[in-house]
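**Q** Structure file final03.txt (compact mmCIF, C-alpha atoms) right here:
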```txt
# COMPACT_ATOMS: atom_id res chain seq x y z
CA MET A 4 -7.95 19.00 -15.25
CA THR A 5 -9.17 22.08 -13.42
CA GLY A 6 -6.77 25.00 -13.12
CA ALA A 7 -3.01 25.15 -13.33
CA PRO A 8 -0.99 23.17 -10.82
CA ALA A 9 0.48 25.08 -7.89
CA HIS A 10 3.74 23.09 -8.17
CA ASP A 11 5.50 21.26 -10.98
CA GLY A 12 6.93 18.60 -8.66
CA ILE A 13 5.34 15.59 -6.98
CA ILE A 14 7.18 13.91 -4.11
CA VAL A 15 6.21 10.38 -3.07
CA MET A 16 6.56 9.75 0.64
CA GLY A 17 5.91 6.72 2.80
CA ALA A 18 7.53 4.06 4.96
CA PRO A 19 9.84 1.76 2.99
CA ARG A 20 7.88 -1.27 1.68
CA SER A 21 4.62 0.68 1.62
CA GLY A 22 4.11 0.60 -2.13
CA THR A 23 6.04 3.75 -2.94
CA THR A 24 7.75 2.06 -5.90
CA LEU A 25 4.38 1.04 -7.29
CA MET A 26 3.35 4.67 -6.90
CA ARG A 27 6.52 5.72 -8.72
CA ARG A 28 5.68 3.46 -11.65
CA ILE A 29 2.14 4.79 -11.79
CA LEU A 30 3.28 8.40 -11.78
CA ASP A 31 6.03 7.76 -14.32
CA ALA A 32 3.50 6.12 -16.66
CA HIS A 33 1.49 9.34 -16.88
CA PRO A 34 2.11 11.10 -20.19
CA ASP A 35 2.98 14.37 -18.40
CA VAL A 36 4.98 13.06 -15.41
CA ALA A 37 8.55 11.75 -15.25
CA CYS A 38 9.61 9.87 -12.13
CA PRO A 39 13.06 8.24 -12.27
CA GLY A 40 14.37 5.52 -9.98
CA GLU A 41 15.49 6.57 -6.55
CA THR A 42 17.84 9.57 -6.76
CA MET A 43 18.34 9.87 -2.99
CA LEU A 44 18.55 13.64 -3.50
CA LEU A 45 16.14 14.77 -0.79
CA ALA A 46 17.63 12.56 1.93
CA ALA A 47 21.09 13.77 0.86
CA CYS A 48 19.91 17.39 1.14
CA ALA A 49 18.53 16.61 4.60
CA ARG A 50 21.88 15.15 5.67
CA PHE A 51 23.58 18.21 4.18
CA LEU A 52 21.51 20.38 6.52
CA GLN A 53 22.20 18.32 9.64
CA ALA A 54 23.80 20.24 12.46
CA ASP A 55 25.21 19.44 15.87
CA THR A 56 24.28 21.56 18.82
CA VAL A 57 27.27 22.37 21.01
CA VAL A 58 27.89 24.54 24.03
CA GLU A 59 25.51 27.41 24.66
CA GLY A 60 23.07 25.92 22.13
CA LEU A 61 25.17 26.92 19.12
CA ASP A 62 24.33 24.90 16.00
CA VAL A 63 27.34 23.72 14.07
CA GLY A 64 26.18 23.03 10.54
CA VAL A 65 25.73 24.44 7.08
CA LEU A 66 22.84 26.79 7.90
CA SER A 67 24.63 28.26 10.87
CA GLY A 68 27.97 28.47 9.09
CA LEU A 69 26.53 30.19 6.01
CA GLN A 70 24.49 32.52 8.19
CA PHE A 71 27.72 33.86 9.69
CA ALA A 72 28.91 34.35 6.09
CA GLY A 73 25.87 36.47 5.29
CA PHE A 74 23.52 33.92 3.70
CA ASP A 75 20.21 33.72 5.52
CA GLU A 76 18.41 30.41 6.01
CA GLU A 77 15.77 31.02 3.35
CA PHE A 78 18.46 31.75 0.75
CA VAL A 79 20.31 28.54 1.58
CA LEU A 80 17.14 26.44 1.57
CA ARG A 81 16.00 27.93 -1.73
CA SER A 82 19.40 27.29 -3.31
CA LEU A 83 19.49 23.71 -2.08
CA ARG A 84 15.88 23.12 -3.13
CA GLU A 85 16.54 24.40 -6.63
CA PHE A 86 19.66 22.21 -6.80
CA ALA A 87 17.64 19.07 -5.96
CA PHE A 88 14.57 19.99 -7.97
CA GLY A 89 16.79 20.98 -10.90
CA PHE A 90 17.90 17.40 -11.53
CA HIS A 91 14.29 16.25 -11.62
CA ARG A 92 13.19 19.10 -13.86
CA GLU A 93 16.00 18.31 -16.26
CA TYR A 94 15.15 14.61 -16.17
CA ALA A 95 11.51 15.41 -17.00
CA ARG A 96 12.64 17.68 -19.82
CA ARG A 97 14.76 14.90 -21.29
CA GLN A 98 11.75 12.60 -21.16
CA GLY A 99 9.67 15.21 -22.98
CA LYS A 100 7.38 15.66 -19.98
CA SER A 101 6.25 18.80 -18.20
CA ARG A 102 6.00 17.54 -14.63
CA TRP A 103 8.50 15.77 -12.42
CA ALA A 104 8.10 13.35 -9.54
CA CYS A 105 10.59 11.77 -7.18
CA LYS A 106 10.55 8.88 -4.78
CA SER A 107 13.27 7.50 -2.53
CA ALA A 108 12.20 4.95 0.04
CA LEU A 109 14.14 6.35 2.97
CA ASP A 110 13.14 10.00 2.55
CA VAL A 111 10.47 9.54 5.18
CA TYR A 112 13.13 9.28 7.89
CA TYR A 113 14.20 12.83 7.00
CA LEU A 114 10.70 14.21 6.66
CA ASP A 115 11.16 16.95 9.24
CA VAL A 116 14.11 18.43 7.32
CA ILE A 117 12.51 17.77 3.93
CA GLU A 118 9.46 19.66 5.16
CA LYS A 119 11.68 22.60 6.04
CA LEU A 120 13.39 22.36 2.66
CA CYS A 121 10.38 21.94 0.39
CA GLY A 122 7.25 21.07 2.38
CA ALA A 123 5.35 23.93 0.74
CA HIS A 124 7.01 23.78 -2.67
CA ALA A 125 5.78 20.52 -4.21
CA TYR A 126 2.83 18.15 -4.13
CA PHE A 127 3.30 15.19 -1.80
CA VAL A 128 1.62 11.85 -2.43
CA CYS A 129 2.00 9.91 0.80
CA VAL A 130 1.45 6.16 0.76
CA GLN A 131 0.40 4.30 3.88
CA ARG A 132 0.29 0.53 4.34
CA HIS A 133 -0.60 -1.85 7.20
CA GLY A 134 2.33 -1.86 9.63
CA LEU A 135 2.63 -5.60 10.04
CA ASP A 136 2.78 -6.13 6.28
CA VAL A 137 5.44 -3.43 6.07
CA ALA A 138 7.47 -5.05 8.86
CA LEU A 139 7.20 -8.48 7.24
CA SER A 140 8.30 -7.09 3.89
CA LEU A 141 11.24 -5.28 5.52
CA LYS A 142 12.25 -8.54 7.18
CA GLU A 143 12.14 -10.36 3.85
CA LEU A 144 14.15 -7.60 2.19
CA SER A 145 16.80 -7.66 4.92
CA ASP A 146 17.02 -11.45 4.75
CA ALA A 147 17.37 -11.33 0.96
CA THR A 148 19.99 -8.59 0.91
CA GLU A 149 21.72 -9.72 4.12
CA ALA A 150 21.95 -6.07 5.12
CA TYR A 151 20.11 -3.24 6.78
CA LEU A 152 20.08 0.18 5.18
CA SER A 153 21.57 2.70 7.60
CA GLU A 154 18.28 4.35 8.52
CA ILE A 155 16.82 0.94 9.37
CA HIS A 156 20.00 -0.20 11.07
CA ALA A 157 19.52 2.63 13.55
CA TYR A 158 16.34 0.84 14.67
CA ILE A 159 18.07 -2.54 14.80
CA LYS A 160 20.66 -1.07 17.14
CA ARG A 161 17.89 0.07 19.47
CA TYR A 162 15.64 -2.98 19.11
CA PRO A 163 17.68 -6.14 18.43
CA ARG A 164 14.61 -8.23 17.47
CA PRO A 165 14.12 -7.41 13.75
CA PHE A 166 10.32 -7.44 13.78
CA GLU A 167 10.32 -5.17 16.81
CA ALA A 168 12.73 -2.79 15.08
CA PHE A 169 10.74 -2.77 11.83
CA CYS A 170 7.49 -2.10 13.68
CA HIS A 171 9.03 0.89 15.45
CA ALA A 172 10.38 2.12 12.11
CA TRP A 173 6.88 1.87 10.65
CA VAL A 174 5.28 3.64 13.61
CA ASP A 175 7.73 6.56 13.38
CA ALA A 176 7.39 6.84 9.60
CA THR A 177 3.61 6.59 9.67
CA ARG A 178 3.14 9.09 12.48
CA ALA A 179 5.49 11.55 10.78
CA THR A 180 3.73 11.13 7.44
CA ARG A 181 0.23 11.51 8.87
CA ALA A 182 1.24 14.58 10.84
CA PHE A 183 2.84 16.06 7.72
CA VAL A 184 -0.33 15.50 5.69
CA ALA A 185 -2.40 17.08 8.44
CA ARG A 186 -0.15 20.17 8.36
CA HIS A 187 -0.27 20.43 4.55
CA PRO A 188 -3.82 19.65 3.44
CA GLU A 189 -3.46 21.86 0.38
CA ASN A 190 -0.47 20.02 -1.13
CA ALA A 191 -0.20 16.61 0.60
CA LEU A 192 -2.47 13.67 -0.14
CA LEU A 193 -2.58 10.45 1.87
CA VAL A 194 -3.46 7.24 0.03
CA LYS A 195 -3.69 3.74 1.42
CA TYR A 196 -1.75 1.02 -0.36
CA GLU A 197 -4.65 -1.34 0.28
CA ASP A 198 -7.01 1.02 -1.57
CA LEU A 199 -4.49 1.44 -4.37
CA VAL A 200 -4.25 -2.27 -5.11
CA ALA A 201 -7.99 -2.83 -4.61
CA ASP A 202 -8.99 -0.12 -7.09
CA PRO A 203 -5.96 1.44 -8.81
CA ALA A 204 -8.05 3.47 -11.22
CA ALA A 205 -10.06 5.13 -8.45
CA VAL A 206 -6.94 6.08 -6.48
CA ALA A 207 -5.17 7.27 -9.64
CA ARG A 208 -8.16 9.52 -10.42
CA GLN A 209 -7.92 10.97 -6.93
CA ILE A 210 -4.19 11.61 -7.36
CA ALA A 211 -4.69 13.13 -10.81
CA ALA A 212 -7.24 15.57 -9.44
CA PHE A 213 -5.01 16.47 -6.50
CA VAL A 214 -1.77 17.08 -8.39
CA ARG A 215 -3.67 18.48 -11.37
CA VAL A 216 -2.76 16.19 -14.21
CA ASP A 217 -5.22 14.91 -16.79
CA TRP A 218 -6.85 11.57 -16.16
CA THR A 219 -6.49 9.10 -19.01
CA PRO A 220 -8.09 5.65 -19.02
CA GLU A 221 -4.88 4.05 -20.35
CA TRP A 222 -2.74 5.42 -17.54
CA ILE A 223 -2.92 2.54 -15.07
CA ALA A 224 -2.59 -0.17 -17.74
CA GLN A 225 0.49 1.60 -19.04
CA ALA A 226 1.97 1.72 -15.52
CA LEU A 227 2.62 -2.00 -15.35
CA HIS A 228 2.48 -3.13 -18.93
CA GLY A 229 5.05 -0.64 -20.12
CA ALA A 230 8.73 -1.31 -19.47
CA PRO A 231 9.74 0.58 -16.33
CA THR A 232 12.72 2.88 -16.45
CA VAL A 233 15.67 1.24 -14.74
CA GLY A 234 16.97 2.76 -11.53
CA LEU A 235 17.52 2.24 -7.86
CA GLY A 236 14.50 0.97 -5.98
CA ASP A 237 12.40 -2.05 -5.24
CA TRP A 238 13.26 -4.70 -7.80
CA LYS A 239 10.19 -6.79 -6.94
CA THR A 240 7.81 -4.51 -8.80
CA TYR A 241 9.91 -4.78 -11.97
CA GLY A 242 8.72 -8.34 -12.42
CA LYS A 243 5.08 -7.43 -11.91
CA GLY A 244 2.75 -7.07 -14.87
CA ALA A 245 -0.39 -6.42 -12.88
CA ILE A 246 -1.51 -4.81 -9.66
CA ASP A 247 -2.90 -7.45 -7.34
CA ALA A 248 -3.86 -7.82 -3.71
CA ASP A 249 -1.56 -10.79 -2.96
CA SER A 250 0.60 -8.66 -0.70
CA ILE A 251 -2.22 -7.66 1.63
CA GLY A 252 -2.59 -9.41 4.99
CA ARG A 253 0.51 -11.57 4.65
CA TRP A 254 1.31 -10.79 8.29
CA ARG A 255 -1.37 -13.32 9.27
CA SER A 256 1.12 -16.09 8.43
CA LEU A 257 3.31 -14.99 11.37
CA SER A 258 3.11 -16.77 14.73
CA GLU A 259 0.59 -15.68 17.34
CA ASP A 260 3.34 -14.48 19.66
CA THR A 261 5.07 -12.46 16.94
CA ILE A 262 1.78 -10.84 15.92
CA SER A 263 1.08 -10.07 19.54
CA MET A 264 4.47 -8.43 20.04
CA MET A 265 4.01 -6.41 16.84
CA GLY A 266 0.49 -5.46 17.88
CA ARG A 267 1.72 -4.04 21.17
CA ILE A 268 3.97 -1.70 19.18
CA CYS A 269 1.70 -0.93 16.22
CA ASN A 270 -1.89 -1.07 17.46
CA ASP A 271 -2.25 2.59 18.45
CA THR A 272 -0.84 3.72 15.11
CA LEU A 273 -2.86 1.11 13.21
CA ALA A 274 -6.04 2.42 14.83
CA ALA A 275 -5.08 6.04 14.10
CA SER A 276 -4.42 5.02 10.48
CA GLY A 277 -7.77 3.33 9.95
CA TYR A 278 -6.75 -0.31 10.40
CA PRO A 279 -8.28 -2.66 12.98
CA PRO A 280 -5.89 -3.54 15.80
CA VAL A 281 -4.34 -7.02 15.76
CA ALA A 282 -4.66 -9.49 18.63
CA ALA A 283 -2.11 -8.61 21.27
CA HIS A 284 -1.68 -10.05 24.75
CA GLU A 285 0.47 -8.71 27.55
CA PRO A 286 4.13 -9.78 27.52
CA ARG A 287 4.65 -13.13 29.21
CA SER A 288 6.01 -13.28 32.74
CA PRO A 289 9.49 -14.86 33.08
CA LYS A 290 7.85 -17.90 34.70
CA GLU A 291 5.39 -18.33 31.83
CA ALA A 292 8.10 -17.72 29.24
CA ARG A 293 10.28 -20.39 30.86
CA ARG A 294 7.39 -22.89 30.91
CA ARG A 295 6.62 -22.13 27.26
CA TYR A 296 10.25 -22.75 26.32
CA GLU A 297 10.28 -25.98 28.31
CA LEU A 298 7.06 -27.25 26.72
CA GLY A 299 8.29 -26.18 23.29
CA LEU A 300 11.34 -28.41 23.61
CA LYS A 301 9.29 -31.31 24.96
CA VAL A 302 6.67 -31.09 22.21
CA ARG A 303 9.39 -30.80 19.59
CA ARG A 304 10.89 -34.00 20.95
CA LEU A 305 7.59 -35.77 20.13
CA ARG A 306 7.98 -35.05 16.43
CA LYS A 307 8.46 -38.18 14.37
CA PRO A 308 11.92 -38.24 12.72
CA THR A 309 11.93 -37.46 9.00
CA PRO A 310 14.54 -38.43 6.36
CA ALA A 311 15.88 -34.89 6.65
CA ASP A 312 16.70 -35.49 10.31
CA ALA A 313 18.89 -38.45 9.34
CA GLY A 314 20.91 -36.25 6.97
CA MET B 26 -15.39 -30.66 43.97
CA SER B 27 -14.69 -32.63 40.77
CA MET B 28 -16.29 -31.92 37.42
CA THR B 29 -18.87 -34.07 35.66
CA THR B 30 -17.76 -35.77 32.46
CA ASP B 31 -19.82 -33.33 30.39
CA ASP B 32 -18.43 -30.33 32.24
CA PHE B 33 -14.90 -31.53 31.68
CA SER B 34 -15.45 -32.19 27.95
CA GLN B 35 -17.03 -28.82 27.44
CA LYS B 36 -14.24 -27.01 29.24
CA LEU B 37 -11.58 -28.99 27.36
CA GLN B 38 -13.20 -28.18 24.01
CA ALA B 39 -13.55 -24.50 24.93
CA VAL B 40 -9.81 -24.35 25.59
CA LEU B 41 -8.97 -26.44 22.53
CA ARG B 42 -11.07 -24.69 19.85
CA PRO B 43 -9.05 -21.47 19.51
CA HIS B 44 -5.99 -23.58 18.69
CA LEU B 45 -7.69 -25.32 15.75
CA ARG B 46 -7.33 -22.64 13.10
CA PHE B 47 -8.87 -24.76 10.33
CA LEU B 48 -12.00 -25.56 12.37
CA GLU B 49 -14.94 -23.54 11.13
CA PRO B 50 -16.63 -21.50 13.87
CA GLY B 51 -19.51 -23.54 15.26
CA ALA B 52 -18.42 -26.77 13.53
CA ALA B 53 -18.78 -29.88 15.69
CA LEU B 54 -15.80 -31.71 17.17
CA THR B 55 -16.17 -35.47 17.43
CA PRO B 56 -14.04 -37.88 19.47
CA ASP B 57 -12.19 -38.97 16.32
CA SER B 58 -11.63 -35.44 14.96
CA ALA B 59 -8.03 -35.37 13.70
CA LEU B 60 -6.52 -32.43 15.53
CA GLY B 61 -3.47 -32.10 13.29
CA ALA B 62 -5.66 -31.67 10.22
CA LEU B 63 -7.59 -28.99 12.08
CA GLY B 64 -4.44 -26.95 12.68
CA LEU B 65 -2.92 -28.32 15.87
CA ASP B 66 0.74 -28.09 14.87
CA SER B 67 3.60 -28.12 17.37
CA ILE B 68 3.33 -24.39 18.15
CA ALA B 69 -0.41 -24.71 18.65
CA ALA B 70 0.18 -27.75 20.87
CA VAL B 71 2.49 -25.75 23.14
CA ASN B 72 -0.07 -22.95 23.33
CA LEU B 73 -2.78 -25.49 24.08
CA LEU B 74 -0.76 -27.05 26.91
CA LEU B 75 -0.13 -23.65 28.44
CA ASP B 76 -3.82 -22.74 28.19
CA LEU B 77 -4.84 -26.09 29.69
CA GLU B 78 -2.45 -25.59 32.59
CA GLN B 79 -3.85 -22.13 33.18
CA ALA B 80 -7.51 -23.09 32.77
CA PHE B 81 -7.29 -26.14 35.03
CA GLY B 82 -4.69 -24.77 37.46
CA VAL B 83 -2.29 -27.72 37.19
CA GLN B 84 1.08 -28.50 35.66
CA ILE B 85 0.99 -31.28 33.11
CA PRO B 86 3.67 -33.89 33.85
CA ASP B 87 6.18 -34.79 31.14
CA ASP B 88 5.24 -38.43 31.05
CA LEU B 89 1.80 -37.57 29.63
CA LEU B 90 3.30 -35.90 26.57
CA SER B 91 3.25 -38.15 23.52
CA ALA B 92 2.56 -37.67 19.83
CA GLU B 93 -0.49 -39.92 20.17
CA ALA B 94 -2.00 -37.68 22.84
CA PHE B 95 -2.48 -34.89 20.31
CA GLU B 96 -3.93 -37.04 17.50
CA THR B 97 -7.67 -36.86 18.22
CA LEU B 98 -10.07 -35.26 20.64
CA ALA B 99 -10.58 -38.66 22.26
CA SER B 100 -6.85 -39.25 22.77
CA LEU B 101 -6.36 -35.73 24.11
CA GLU B 102 -9.22 -36.16 26.55
CA SER B 103 -8.20 -39.60 27.77
CA THR B 104 -4.55 -38.63 28.15
CA PHE B 105 -4.99 -35.44 30.09
CA ARG B 106 -8.23 -36.06 31.96
CA PRO B 107 -6.55 -37.77 34.96
CA VAL B 108 -4.36 -34.75 35.69
CA LEU B 109 -6.75 -32.02 34.60
CA GLU B 110 -9.64 -33.41 36.60
CA GLN B 111 -7.75 -33.05 39.84
CA PRO B 112 -9.19 -30.25 41.94
CA SER B 113 -7.46 -27.17 40.59
CA ALA B 114 -5.16 -25.09 42.69
CA ARG B 115 -7.76 -22.35 42.63
CA ASP B 116 -10.52 -24.68 43.85
CA ARG B 117 -8.48 -26.08 46.72
CA THR B 118 -9.33 -24.75 50.14
CA PRO B 119 -6.46 -24.16 52.56
```
Can you give me the file's structure in the form of structure tokens?
**A**
Amino acid sequence: MTGAPAHDGIIVMGAPRSGTTLMRRILDAHPDVACPGETMLLAACARFLQADTVVEGLDVGVLSGLQFAGFDEEFVLRSLREFAFGFHREYARRQGKSRWACKSALDVYYLDVIEKLCGAHAYFVCVQRHGLDVALSLKELSDATEAYLSEIHAYIKRYPRPFEAFCHAWVDATRATRAFVARHPENALLVKYEDLVADPAAVARQIAAFVRVDWTPEWIAQALHGAPTVGLGDWKTYGKGAIDADSIGRWRSLSEDTISMMGRICNDTLAASGYPPVAAHEPRSPKEARRRYELGLKVRRLRKPTPADAG
Amino acid sequence: MSMTTDDFSQKLQAVLRPHLRFLEPGAALTPDSALGALGLDSIAAVNLLLDLEQAFGVQIPDDLLSAEAFETLASLESTFRPVLEQPSARDRTP
């Protein structure tokens, strides 16, 4: 390790289903870093700071209210930051570690406020993953839980087709994350999930150098072989004993039309993020869509009956 | 002007190939190639029909649709040739 770290904290950021829980497990496995399950603290702080703008542009919220009471914005932000960071510092202390890290999957949807709160006061490790794989994983999660988390539900309300909603959620999260990293080159690092699973040791070395922790050869092995601390978060990684590339490119199993629709939403952001665009055609005309539907029913009628049909 | 048999087969295969996802690029198709094994499932069949209609400028009548029609290259060709070989809408002169 070269030099003392500029910050004791490391915040993991990224679209939900981008591998942020894997990143949490890797960080937590480091002998100097403690990263609990999702504490939701930063998103809660962001909601705490939300304000409504009313007549004459007056903000009605905590910052404005406390300002009238004599507390300037920087004082409020510092107090709130220390409140949130304090839990993580105390958690690290209880684990006998000197550095803390935090990860909550939905923080990215509050990144603008989190930046205001602590954008310059911690290291950020931002994880990016192919948008169609993220959308597919979000779909599977929603199907399994039979629910949408509120931040994702906001997209479902705007885009009733789930894959369309999840793609827009990914685009917004990815653009916000990339812009954040560009604004904070000194304390924000962008890593690709695909690189992480292809060569975990190489990416971990890069992270260690950036956040200024010692590199140890046992670190990555410990990340998945050790028992993870229990907490809120992605339960799928708890059953994993190895980092593998099985989760890459699963979007290719989707239908051509679904991929095309997702490509129309994601391709610009995919290209900006270093991924090749996916095949996308223009939306079908109503006449073509009607003919497709008609042929779909007629071809389906040709299918030979199976025992399941009789049941 | 109608197409020659070779022209028709080549055009049919050019439209068909992208729908056979298990067919290696450049691999030969023979009359008895089993299209289902090469990836022509029901969704691919719908896409193929739409592409055929667009490429040949005709609408395929319902009575030509049968499970057997999609079994092999030969059955596909013999089933749809009569309608696809008609002068296309684009080729017709007013």
**Q** Determine, using all atoms listed in the file, which residues of segment 29-49 of chain B have any atom at most 10 Å from an atom of segment 89-101 of chain B, and tabulate each with its shortest atom pair and distance in Å to one decimal place, rows ordered by chain and then rising number, as CSV.
**A**
```
residue,atom,partner,partner_atom,distance
B:Ser34,CA,B:Leu98,CA,9.6
B:Leu37,CA,B:Leu101,CA,9.1
B:Gln38,CA,B:Leu98,CA,8.4
B:Leu41,CA,B:Leu98,CA,9.1
```
**Q** How many Å lie between atom CA of Arg92 of chain A and atom CA of Ala123 of chain A, rounded to one decimal?
**A** 17.3 Å
**Q** If you measure from atom CA of Arg253 of chain A to atom CA of Ile14 of chain A, what distance in Å do you get, rounded to one decimal?
**A**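 We find that atom CA of Arg253 of chain A and atom CA of Ile14 of chain A lie 27.8 Å from each other.
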**Q** For segment 99-113 of chain A, work out the shell of residues within 8 Å, counting only C-alpha atoms and skipping chain neighbours fewer than 2 positions away, then give it as a PyMOL selection string.
**A** chain A and resi 11-20+23-24+27+30-31+34-43+45-46+49+91-92+94-97+115-117+154+176+179-180+236
**Q** Output C-alpha atoms for every residue in the selection just made, as a PDB file, keeping the file's coordinate frame.
**A**
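Result written to selection_31.pdb:
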```pdb
ATOM      1  CA  ASP A  11       5.500  21.260 -10.980  1.00  0.00           C
ATOM      2  CA  GLY A  12       6.930  18.600  -8.660  1.00  0.00           C
ATOM      3  CA  ILE A  13       5.340  15.590  -6.980  1.00  0.00           C
ATOM      4  CA  ILE A  14       7.180  13.910  -4.110  1.00  0.00           C
ATOM      5  CA  VAL A  15       6.210  10.380  -3.070  1.00  0.00           C
ATOM      6  CA  MET A  16       6.560   9.750   0.640  1.00  0.00           C
ATOM      7  CA  GLY A  17       5.910   6.720   2.800  1.00  0.00           C
ATOM      8  CA  ALA A  18       7.530   4.060   4.960  1.00  0.00           C
ATOM      9  CA  PRO A  19       9.840   1.760   2.990  1.00  0.00           C
ATOM     10  CA  ARG A  20       7.880  -1.270   1.680  1.00  0.00           C
ATOM     11  CA  THR A  23       6.040   3.750  -2.940  1.00  0.00           C
ATOM     12  CA  THR A  24       7.750   2.060  -5.900  1.00  0.00           C
ATOM     13  CA  ARG A  27       6.520   5.720  -8.720  1.00  0.00           C
ATOM     14  CA  LEU A  30       3.280   8.400 -11.780  1.00  0.00           C
ATOM     15  CA  ASP A  31       6.030   7.760 -14.320  1.00  0.00           C
ATOM     16  CA  PRO A  34       2.110  11.100 -20.190  1.00  0.00           C
ATOM     17  CA  ASP A  35       2.980  14.370 -18.400  1.00  0.00           C
ATOM     18  CA  VAL A  36       4.980  13.060 -15.410  1.00  0.00           C
ATOM     19  CA  ALA A  37       8.550  11.750 -15.250  1.00  0.00           C
ATOM     20  CA  CYS A  38       9.610   9.870 -12.130  1.00  0.00           C
ATOM     21  CA  PRO A  39      13.060   8.240 -12.270  1.00  0.00           C
ATOM     22  CA  GLY A  40      14.370   5.520  -9.980  1.00  0.00           C
ATOM     23  CA  GLU A  41      15.490   6.570  -6.550  1.00  0.00           C
ATOM     24  CA  THR A  42      17.840   9.570  -6.760  1.00  0.00           C
ATOM     25  CA  MET A  43      18.340   9.870  -2.990  1.00  0.00           C
ATOM     26  CA  LEU A  45      16.140  14.770  -0.790  1.00  0.00           C
ATOM     27  CA  ALA A  46      17.630  12.560   1.930  1.00  0.00           C
ATOM     28  CA  ALA A  49      18.530  16.610   4.600  1.00  0.00           C
ATOM     29  CA  HIS A  91      14.290  16.250 -11.620  1.00  0.00           C
ATOM     30  CA  ARG A  92      13.190  19.100 -13.860  1.00  0.00           C
ATOM     31  CA  TYR A  94      15.150  14.610 -16.170  1.00  0.00           C
ATOM     32  CA  ALA A  95      11.510  15.410 -17.000  1.00  0.00           C
ATOM     33  CA  ARG A  96      12.640  17.680 -19.820  1.00  0.00           C
ATOM     34  CA  ARG A  97      14.760  14.900 -21.290  1.00  0.00           C
ATOM     35  CA  ASP A 115      11.160  16.950   9.240  1.00  0.00           C
ATOM     36  CA  VAL A 116      14.110  18.430   7.320  1.00  0.00           C
ATOM     37  CA  ILE A 117      12.510  17.770   3.930  1.00  0.00           C
ATOM     38  CA  GLU A 154      18.280   4.350   8.520  1.00  0.00           C
ATOM     39  CA  ALA A 176       7.390   6.840   9.600  1.00  0.00           C
ATOM     40  CA  ALA A 179       5.490  11.550  10.780  1.00  0.00           C
ATOM     41  CA  THR A 180       3.730  11.130   7.440  1.00  0.00           C
ATOM     42  CA  GLY A 236      14.500   0.970  -5.980  1.00  0.00           C
TER      43      GLY A 236
END
```
**Q** Counting all atoms listed in the file, figure out which residue out of B:Arg42, B:Ala80, B:Gln111, B:Ile68 gets nearest to chain A.
**A**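 Among B:Arg42, B:Ala80, B:Gln111, B:Ile68, it is B:Ile68 that comes nearest to chain A.
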**Q** Which residues of chain B come within 12 Å of chain A, and what is each one's closest atom pair and distance in Å (one decimal), counting all atoms listed in the file, sorted by chain and residue number, as JSON lines?
**A**
```
{"residue": "B:Pro43", "atom": "CA", "partner": "A:Glu259", "partner_atom": "CA", "distance": 11.5}
{"residue": "B:His44", "atom": "CA", "partner": "A:Glu259", "partner_atom": "CA", "distance": 10.4}
{"residue": "B:Arg46", "atom": "CA", "partner": "A:Glu259", "partner_atom": "CA", "distance": 11.4}
{"residue": "B:Leu65", "atom": "CA", "partner": "A:Val302", "partner_atom": "CA", "distance": 11.8}
{"residue": "B:Asp66", "atom": "CA", "partner": "A:Val302", "partner_atom": "CA", "distance": 9.9}
{"residue": "B:Ser67", "atom": "CA", "partner": "A:Val302", "partner_atom": "CA", "distance": 6.5}
{"residue": "B:Ile68", "atom": "CA", "partner": "A:Gly299", "partner_atom": "CA", "distance": 7.4}
{"residue": "B:Ala69", "atom": "CA", "partner": "A:Glu259", "partner_atom": "CA", "distance": 9.2}
{"residue": "B:Ala70", "atom": "CA", "partner": "A:Val302", "partner_atom": "CA", "distance": 7.4}
{"residue": "B:Val71", "atom": "CA", "partner": "A:Gly299", "partner_atom": "CA", "distance": 5.8}
{"residue": "B:Asn72", "atom": "CA", "partner": "A:Arg295", "partner_atom": "CA", "distance": 7.8}
{"residue": "B:Leu73", "atom": "CA", "partner": "A:Leu298", "partner_atom": "CA", "distance": 10.3}
{"residue": "B:Leu74", "atom": "CA", "partner": "A:Leu298", "partner_atom": "CA", "distance": 7.8}
{"residue": "B:Leu75", "atom": "CA", "partner": "A:Arg295", "partner_atom": "CA", "distance": 7.0}
{"residue": "B:Asp76", "atom": "CA", "partner": "A:Arg295", "partner_atom": "CA", "distance": 10.5}
{"residue": "B:Glu78", "atom": "CA", "partner": "A:Arg294", "partner_atom": "CA", "distance": 10.3}
{"residue": "B:Gln79", "atom": "CA", "partner": "A:Glu291", "partner_atom": "CA", "distance": 10.1}
{"residue": "B:Gln84", "atom": "CA", "partner": "A:Arg294", "partner_atom": "CA", "distance": 9.7}
{"residue": "B:Ile85", "atom": "CA", "partner": "A:Leu298", "partner_atom": "CA", "distance": 9.7}
{"residue": "B:Pro86", "atom": "CA", "partner": "A:Leu298", "partner_atom": "CA", "distance": 10.3}
{"residue": "B:Asp87", "atom": "CA", "partner": "A:Lys301", "partner_atom": "CA", "distance": 7.7}
{"residue": "B:Asp88", "atom": "CA", "partner": "A:Lys301", "partner_atom": "CA", "distance": 10.2}
{"residue": "B:Leu89", "atom": "CA", "partner": "A:Lys301", "partner_atom": "CA", "distance": 10.8}
{"residue": "B:Leu90", "atom": "CA", "partner": "A:Val302", "partner_atom": "CA", "distance": 7.3}
{"residue": "B:Ser91", "atom": "CA", "partner": "A:Leu305", "partner_atom": "CA", "distance": 6.0}
{"residue": "B:Ala92", "atom": "CA", "partner": "A:Leu305", "partner_atom": "CA", "distance": 5.4}
{"residue": "B:Glu93", "atom": "CA", "partner": "A:Leu305", "partner_atom": "CA", "distance": 9.1}
{"residue": "B:Ala94", "atom": "CA", "partner": "A:Leu305", "partner_atom": "CA", "distance": 10.1}
{"residue": "B:Phe95", "atom": "CA", "partner": "A:Val302", "partner_atom": "CA", "distance": 10.1}
{"residue": "B:Glu96", "atom": "CA", "partner": "A:Leu305", "partner_atom": "CA", "distance": 11.9}
```
